[in-house]
file structure_8.pdb (PDB, C-alpha atoms)
ATOM      1  CA  MET A   1      19.266 -20.420  11.317
ATOM      2  CA  GLU A   2      19.500 -23.410   9.033
ATOM      3  CA  THR A   3      22.226 -24.820  11.292
ATOM      4  CA  MET A   4      19.739 -24.718  14.178
ATOM      5  CA  ALA A   5      17.099 -26.444  11.986
ATOM      6  CA  VAL A   6      14.936 -23.317  11.910
ATOM      7  CA  SER A   7      13.325 -22.437   8.597
ATOM      8  CA  PRO A   8      14.211 -18.840   7.644
ATOM      9  CA  LEU A   9      11.060 -18.629   5.557
ATOM     10  CA  ARG A  10       8.791 -19.657   8.400
ATOM     11  CA  TYR A  11      10.595 -17.647  11.070
ATOM     12  CA  LEU A  12      11.512 -14.466   9.137
ATOM     13  CA  VAL A  13       9.491 -14.123   5.937
ATOM     14  CA  VAL A  14       5.979 -15.301   6.814
ATOM     15  CA  PRO A  15       5.509 -12.965   9.827
ATOM     16  CA  ARG A  16       6.745 -10.034   7.757
ATOM     17  CA  ILE A  17       4.296 -10.821   4.967
ATOM     18  CA  PHE A  18       1.370 -11.009   7.392
ATOM     19  CA  ALA A  19       2.451  -7.804   9.102
ATOM     20  CA  SER A  20       2.838  -5.844   5.884
ATOM     21  CA  VAL A  21      -0.446  -7.099   4.406
ATOM     22  CA  LEU A  22      -2.138  -5.741   7.533
ATOM     23  CA  ALA A  23       0.001  -2.625   8.037
ATOM     24  CA  PHE A  24      -0.123  -1.206   4.506
ATOM     25  CA  PRO A  25      -3.965  -0.922   4.430
ATOM     26  CA  ALA A  26      -3.995   0.379   8.002
ATOM     27  CA  LEU A  27      -1.492   3.104   7.127
ATOM     28  CA  THR A  28      -3.459   3.873   3.966
ATOM     29  CA  ALA A  29      -6.663   4.268   5.990
ATOM     30  CA  ILE A  30      -4.904   6.571   8.448
ATOM     31  CA  ALA A  31      -3.444   8.631   5.596
ATOM     32  CA  ASN A  32      -6.892   8.890   3.969
ATOM     33  CA  ALA A  33      -8.455  10.070   7.220
ATOM     34  CA  VAL A  34      -5.701  12.618   7.834
ATOM     35  CA  GLY A  35      -6.072  13.856   4.254
ATOM     36  CA  VAL A  36      -9.842  14.280   4.539
ATOM     37  CA  TYR A  37      -9.698  16.007   7.913
ATOM     38  CA  GLY A  38      -6.705  18.084   6.856
ATOM     39  CA  GLY A  39      -8.583  19.174   3.747
ATOM     40  CA  TYR A  40     -11.603  20.003   5.879
ATOM     41  CA  PHE A  41      -9.491  22.076   8.249
ATOM     42  CA  VAL A  42      -7.795  24.002   5.432
ATOM     43  CA  ALA A  43     -11.043  24.517   3.524
ATOM     44  CA  ALA A  44     -13.090  25.578   6.545
ATOM     45  CA  TYR A  45     -10.609  27.565   8.613
ATOM     46  CA  VAL A  46      -8.030  28.833   6.153
ATOM     47  CA  MET A  47     -10.016  29.286   2.941
ATOM     48  CA  SER A  48     -13.383  30.085   4.626
ATOM     49  CA  VAL A  49     -15.278  27.451   2.635
ATOM     50  CA  ASN A  50     -18.699  26.512   3.954
ATOM     51  CA  ARG A  51     -18.282  23.399   6.130
ATOM     52  CA  VAL A  52     -21.525  21.806   5.005
ATOM     53  CA  ALA A  53     -20.671  22.393   1.349
ATOM     54  CA  TYR A  54     -17.277  20.768   1.861
ATOM     55  CA  ASN A  55     -18.829  17.670   3.443
ATOM     56  CA  GLN A  56     -21.548  17.362   0.806
ATOM     57  CA  THR A  57     -19.053  17.737  -2.023
ATOM     58  CA  MET A  58     -16.682  15.225  -0.469
ATOM     59  CA  PHE A  59     -19.423  12.637   0.043
ATOM     60  CA  PHE A  60     -20.689  13.255  -3.496
ATOM     61  CA  TYR A  61     -17.327  12.628  -5.160
ATOM     62  CA  VAL A  62     -15.894   9.889  -2.915
ATOM     63  CA  ASP A  63     -17.449   6.468  -3.472
ATOM     64  CA  PRO A  64     -17.039   3.600  -1.029
ATOM     65  CA  ASP A  65     -15.617   1.615  -3.948
ATOM     66  CA  ASP A  66     -12.732   4.093  -4.133
ATOM     67  CA  ILE A  67     -11.903   3.429  -0.508
ATOM     68  CA  TRP A  68     -12.154  -0.359  -0.801
ATOM     69  CA  THR A  69     -10.087  -0.554  -3.969
ATOM     70  CA  GLY A  70      -7.436   1.620  -2.334
ATOM     71  CA  LEU A  71      -7.262  -0.664   0.678
ATOM     72  CA  ILE A  72      -7.113  -3.778  -1.508
ATOM     73  CA  LYS A  73      -4.333  -2.231  -3.566
ATOM     74  CA  ALA A  74      -2.441  -1.346  -0.389
ATOM     75  CA  ALA A  75      -2.617  -4.955   0.817
ATOM     76  CA  VAL A  76      -1.340  -6.235  -2.525
ATOM     77  CA  PHE A  77       1.439  -3.640  -2.555
ATOM     78  CA  GLY A  78       2.438  -4.695   0.950
ATOM     79  CA  PHE A  79       2.655  -8.305  -0.178
ATOM     80  CA  ILE A  80       4.704  -7.408  -3.258
ATOM     81  CA  VAL A  81       7.152  -5.159  -1.411
ATOM     82  CA  THR A  82       7.682  -7.671   1.381
ATOM     83  CA  VAL A  83       8.233 -10.657  -0.890
ATOM     84  CA  ILE A  84      10.697  -8.771  -3.077
ATOM     85  CA  CYS A  85      12.607  -7.313  -0.128
ATOM     86  CA  CYS A  86      12.747 -10.621   1.744
ATOM     87  CA  TYR A  87      13.966 -12.378  -1.396
ATOM     88  CA  HIS A  88      16.785  -9.894  -1.858
ATOM     89  CA  GLY A  89      17.556  -9.805   1.862
ATOM     90  CA  LEU A  90      17.930 -13.560   2.116
ATOM     91  CA  ARG A  91      20.202 -13.641  -0.934
ATOM     92  CA  THR A  92      22.553 -10.898   0.250
ATOM     93  CA  SER A  93      26.263 -11.642   0.320
ATOM     94  CA  GLY A  94      29.492  -9.674   0.096
ATOM     95  CA  GLY A  95      29.278  -7.563   3.234
ATOM     96  CA  ALA A  96      28.179  -3.938   3.261
ATOM     97  CA  LYS A  97      28.694  -3.576  -0.484
ATOM     98  CA  GLY A  98      26.407  -6.531  -1.143
ATOM     99  CA  VAL A  99      23.770  -5.121   1.200
ATOM    100  CA  GLY A 100      23.839  -1.834  -0.715
ATOM    101  CA  ARG A 101      23.456  -3.589  -4.060
ATOM    102  CA  ARG A 102      20.618  -5.794  -2.870
ATOM    103  CA  THR A 103      18.850  -2.850  -1.232
ATOM    104  CA  THR A 104      19.020  -0.840  -4.446
ATOM    105  CA  ALA A 105      17.811  -3.820  -6.459
ATOM    106  CA  ALA A 106      14.928  -4.405  -4.048
ATOM    107  CA  VAL A 107      13.823  -0.774  -4.183
ATOM    108  CA  VAL A 108      13.962  -0.621  -7.971
ATOM    109  CA  LEU A 109      12.177  -3.934  -8.452
ATOM    110  CA  SER A 110       9.535  -3.066  -5.841
ATOM    111  CA  THR A 111       8.839   0.258  -7.539
ATOM    112  CA  VAL A 112       8.436  -1.328 -10.959
ATOM    113  CA  ALA A 113       6.327  -4.173  -9.555
ATOM    114  CA  ILE A 114       4.021  -1.705  -7.791
ATOM    115  CA  LEU A 115       3.540   0.281 -10.996
ATOM    116  CA  VAL A 116       2.704  -2.877 -12.957
ATOM    117  CA  ALA A 117       0.422  -4.234 -10.223
ATOM    118  CA  ASP A 118      -1.361  -0.881  -9.958
ATOM    119  CA  TYR A 119      -1.986  -0.857 -13.697
ATOM    120  CA  VAL A 120      -3.285  -4.445 -13.682
ATOM    121  CA  MET A 121      -5.509  -3.963 -10.631
ATOM    122  CA  THR A 122      -6.923  -0.700 -11.962
ATOM    123  CA  PHE A 123      -7.734  -2.424 -15.245
ATOM    124  CA  LEU A 124      -9.406  -5.297 -13.418
ATOM    125  CA  PHE A 125     -11.398  -3.056 -11.095
ATOM    126  CA  ILE A 126     -12.624  -0.822 -13.910
ATOM    127  CA  ARG A 127     -13.186  -3.307 -16.694
ATOM    128  CA  LEU A 128     -14.233  -6.487 -14.968
ATOM    129  CA  LEU A 129     -15.893  -5.269 -11.788
ATOM    130  CA  GLY A 130     -17.297  -2.008 -13.157
ATOM    131  CA  MET A 131     -15.879   0.114 -10.347
TER
END

call {"tool": "encode", "arguments": {"input": "structure_8.pdb", "output": "structure tokens"}}
result
Amino acid sequence: METMAVSPLRYLVVPRIFASVLAFPALTAIANAVGVYGGYFVAAYVMSVNRVAYNQTMFFYVDPDDIWTGLIKAAVFGFIVTVICCYHGLRTSGGAKGVGRRTTAAVVLSTVAILVADYVMTFLFIRLLGM
């Protein structure tokens, strides 16, 4: 790509960052909806829980702030994962063995970075914003 005077960052990395910052919250929202409706189905039809009681209890315990903070966290996690994976992907060398090493390194670093970012964001949301 560099031989053709095309910036790998502009052509490969930036679109992936935008896509993941949008896709991670979208997938999180879908997973939340499936979880709520799946819980409703199991509670109402399998466990014979009163449907109205389920809805009232769910709306009592779930705050909109919980949903928004989850979506914000998902966007940040998408950014972190994409940047780390693109960094390792662009620095890969050594054939298939190098790809395996860089993939493992990217997964490990992404996991640790997500845990640290989750801790920091939770602290900020609770302490500074009062959520």

call {"tool": "residues_around", "arguments": {"input": "structure_8.pdb", "residues": "Cys86 in chain A", "least_positions_apart": "3", "cutoff": "9 Å", "atoms": "all atoms listed in the file", "output": "PyMOL selection string"}}
result
chain A and resi 12-13+16+81-83+89-91+106

call {"tool": "axis_aligned_box", "arguments": {"input": "structure_8.pdb", "around": "range 86-97 of chain A", "padding_each_side": "3 Å", "output": "JSON"}}
result
{"center_x": 21.1, "center_y": -8.6, "center_z": 0.7, "size_x": 22.7, "size_y": 16.1, "size_z": 11.1}

call {"tool": "atom_distance", "arguments": {"input": "structure_8.pdb", "atom1": "CA of Pro15 in chain A", "atom2": "CA of Ala74 in chain A"}}
result
17.4 Å

call {"tool": "atom_distance", "arguments": {"input": "structure_8.pdb", "atom1": "CA of Phe41 in chain A", "atom2": "CA of Ala53 in chain A"}}
result
13.1 Å

call {"tool": "residues_near_point", "arguments": {"input": "structure_8.pdb", "point": "(-3.8, -0.2, 5.7)", "cutoff": "10 Å", "atoms": "only C-alpha atoms", "output": "PDB file with C-alpha atoms, in the frame of the given file"}}
result
ATOM      1  CA  SER A  20       2.838  -5.844   5.884  1.00  0.00           C
ATOM      2  CA  VAL A  21      -0.446  -7.099   4.406  1.00  0.00           C
ATOM      3  CA  LEU A  22      -2.138  -5.741   7.533  1.00  0.00           C
ATOM      4  CA  ALA A  23       0.001  -2.625   8.037  1.00  0.00           C
ATOM      5  CA  PHE A  24      -0.123  -1.206   4.506  1.00  0.00           C
ATOM      6  CA  PRO A  25      -3.965  -0.922   4.430  1.00  0.00           C
ATOM      7  CA  ALA A  26      -3.995   0.379   8.002  1.00  0.00           C
ATOM      8  CA  LEU A  27      -1.492   3.104   7.127  1.00  0.00           C
ATOM      9  CA  THR A  28      -3.459   3.873   3.966  1.00  0.00           C
ATOM     10  CA  ALA A  29      -6.663   4.268   5.990  1.00  0.00           C
ATOM     11  CA  ILE A  30      -4.904   6.571   8.448  1.00  0.00           C
ATOM     12  CA  ALA A  31      -3.444   8.631   5.596  1.00  0.00           C
ATOM     13  CA  ASN A  32      -6.892   8.890   3.969  1.00  0.00           C
ATOM     14  CA  GLY A  70      -7.436   1.620  -2.334  1.00  0.00           C
ATOM     15  CA  LEU A  71      -7.262  -0.664   0.678  1.00  0.00           C
ATOM     16  CA  ILE A  72      -7.113  -3.778  -1.508  1.00  0.00           C
ATOM     17  CA  LYS A  73      -4.333  -2.231  -3.566  1.00  0.00           C
ATOM     18  CA  ALA A  74      -2.441  -1.346  -0.389  1.00  0.00           C
ATOM     19  CA  ALA A  75      -2.617  -4.955   0.817  1.00  0.00           C
ATOM     20  CA  GLY A  78       2.438  -4.695   0.950  1.00  0.00           C
TER      21      GLY A  78
END

call {"tool": "residues_around", "arguments": {"input": "structure_8.pdb", "residues": "Tyr54 in chain A", "least_positions_apart": "5", "cutoff": "9 Å", "atoms": "all atoms listed in the file", "output": "list of chain:residue names"}}
result
A:Tyr40, A:Ala43, A:Ala44, A:Val49, A:Phe59

call {"tool": "resolve_selection", "arguments": {"input": "structure_8.pdb", "expression": "the PyMOL selection byres ((chain A and resi 102) around 9)", "output": "NGL selection string"}}
result
:A and (85 or 88-89 or 91-93 or 97-101 or 103-107)

call {"tool": "atom_distance", "arguments": {"input": "structure_8.pdb", "atom1": "CA of Gly130 in chain A", "atom2": "CA of Asp65 in chain A"}}
result
10.0 Å

call {"tool": "closest_residue", "arguments": {"input": "structure_8.pdb", "among": "A:Ile126, A:Ile114, A:Ala19, A:Ala33", "to": "Phe77 in chain A", "atoms": "only C-alpha atoms"}}
result
A:Ile114

call {"tool": "resolve_selection", "arguments": {"input": "structure_8.pdb", "expression": "the PyMOL selection byres ((chain A and resi 125) around 12)", "output": "list in words"}}
result
Asp65, Asp66, Trp68, Thr69, Gly70, Ile72, Lys73, Ala117, Asp118, Tyr119, Val120, Met121, Thr122, Phe123, Leu124, Ile126, Arg127, Leu128, Leu129, Gly130 and Met131 of chain A
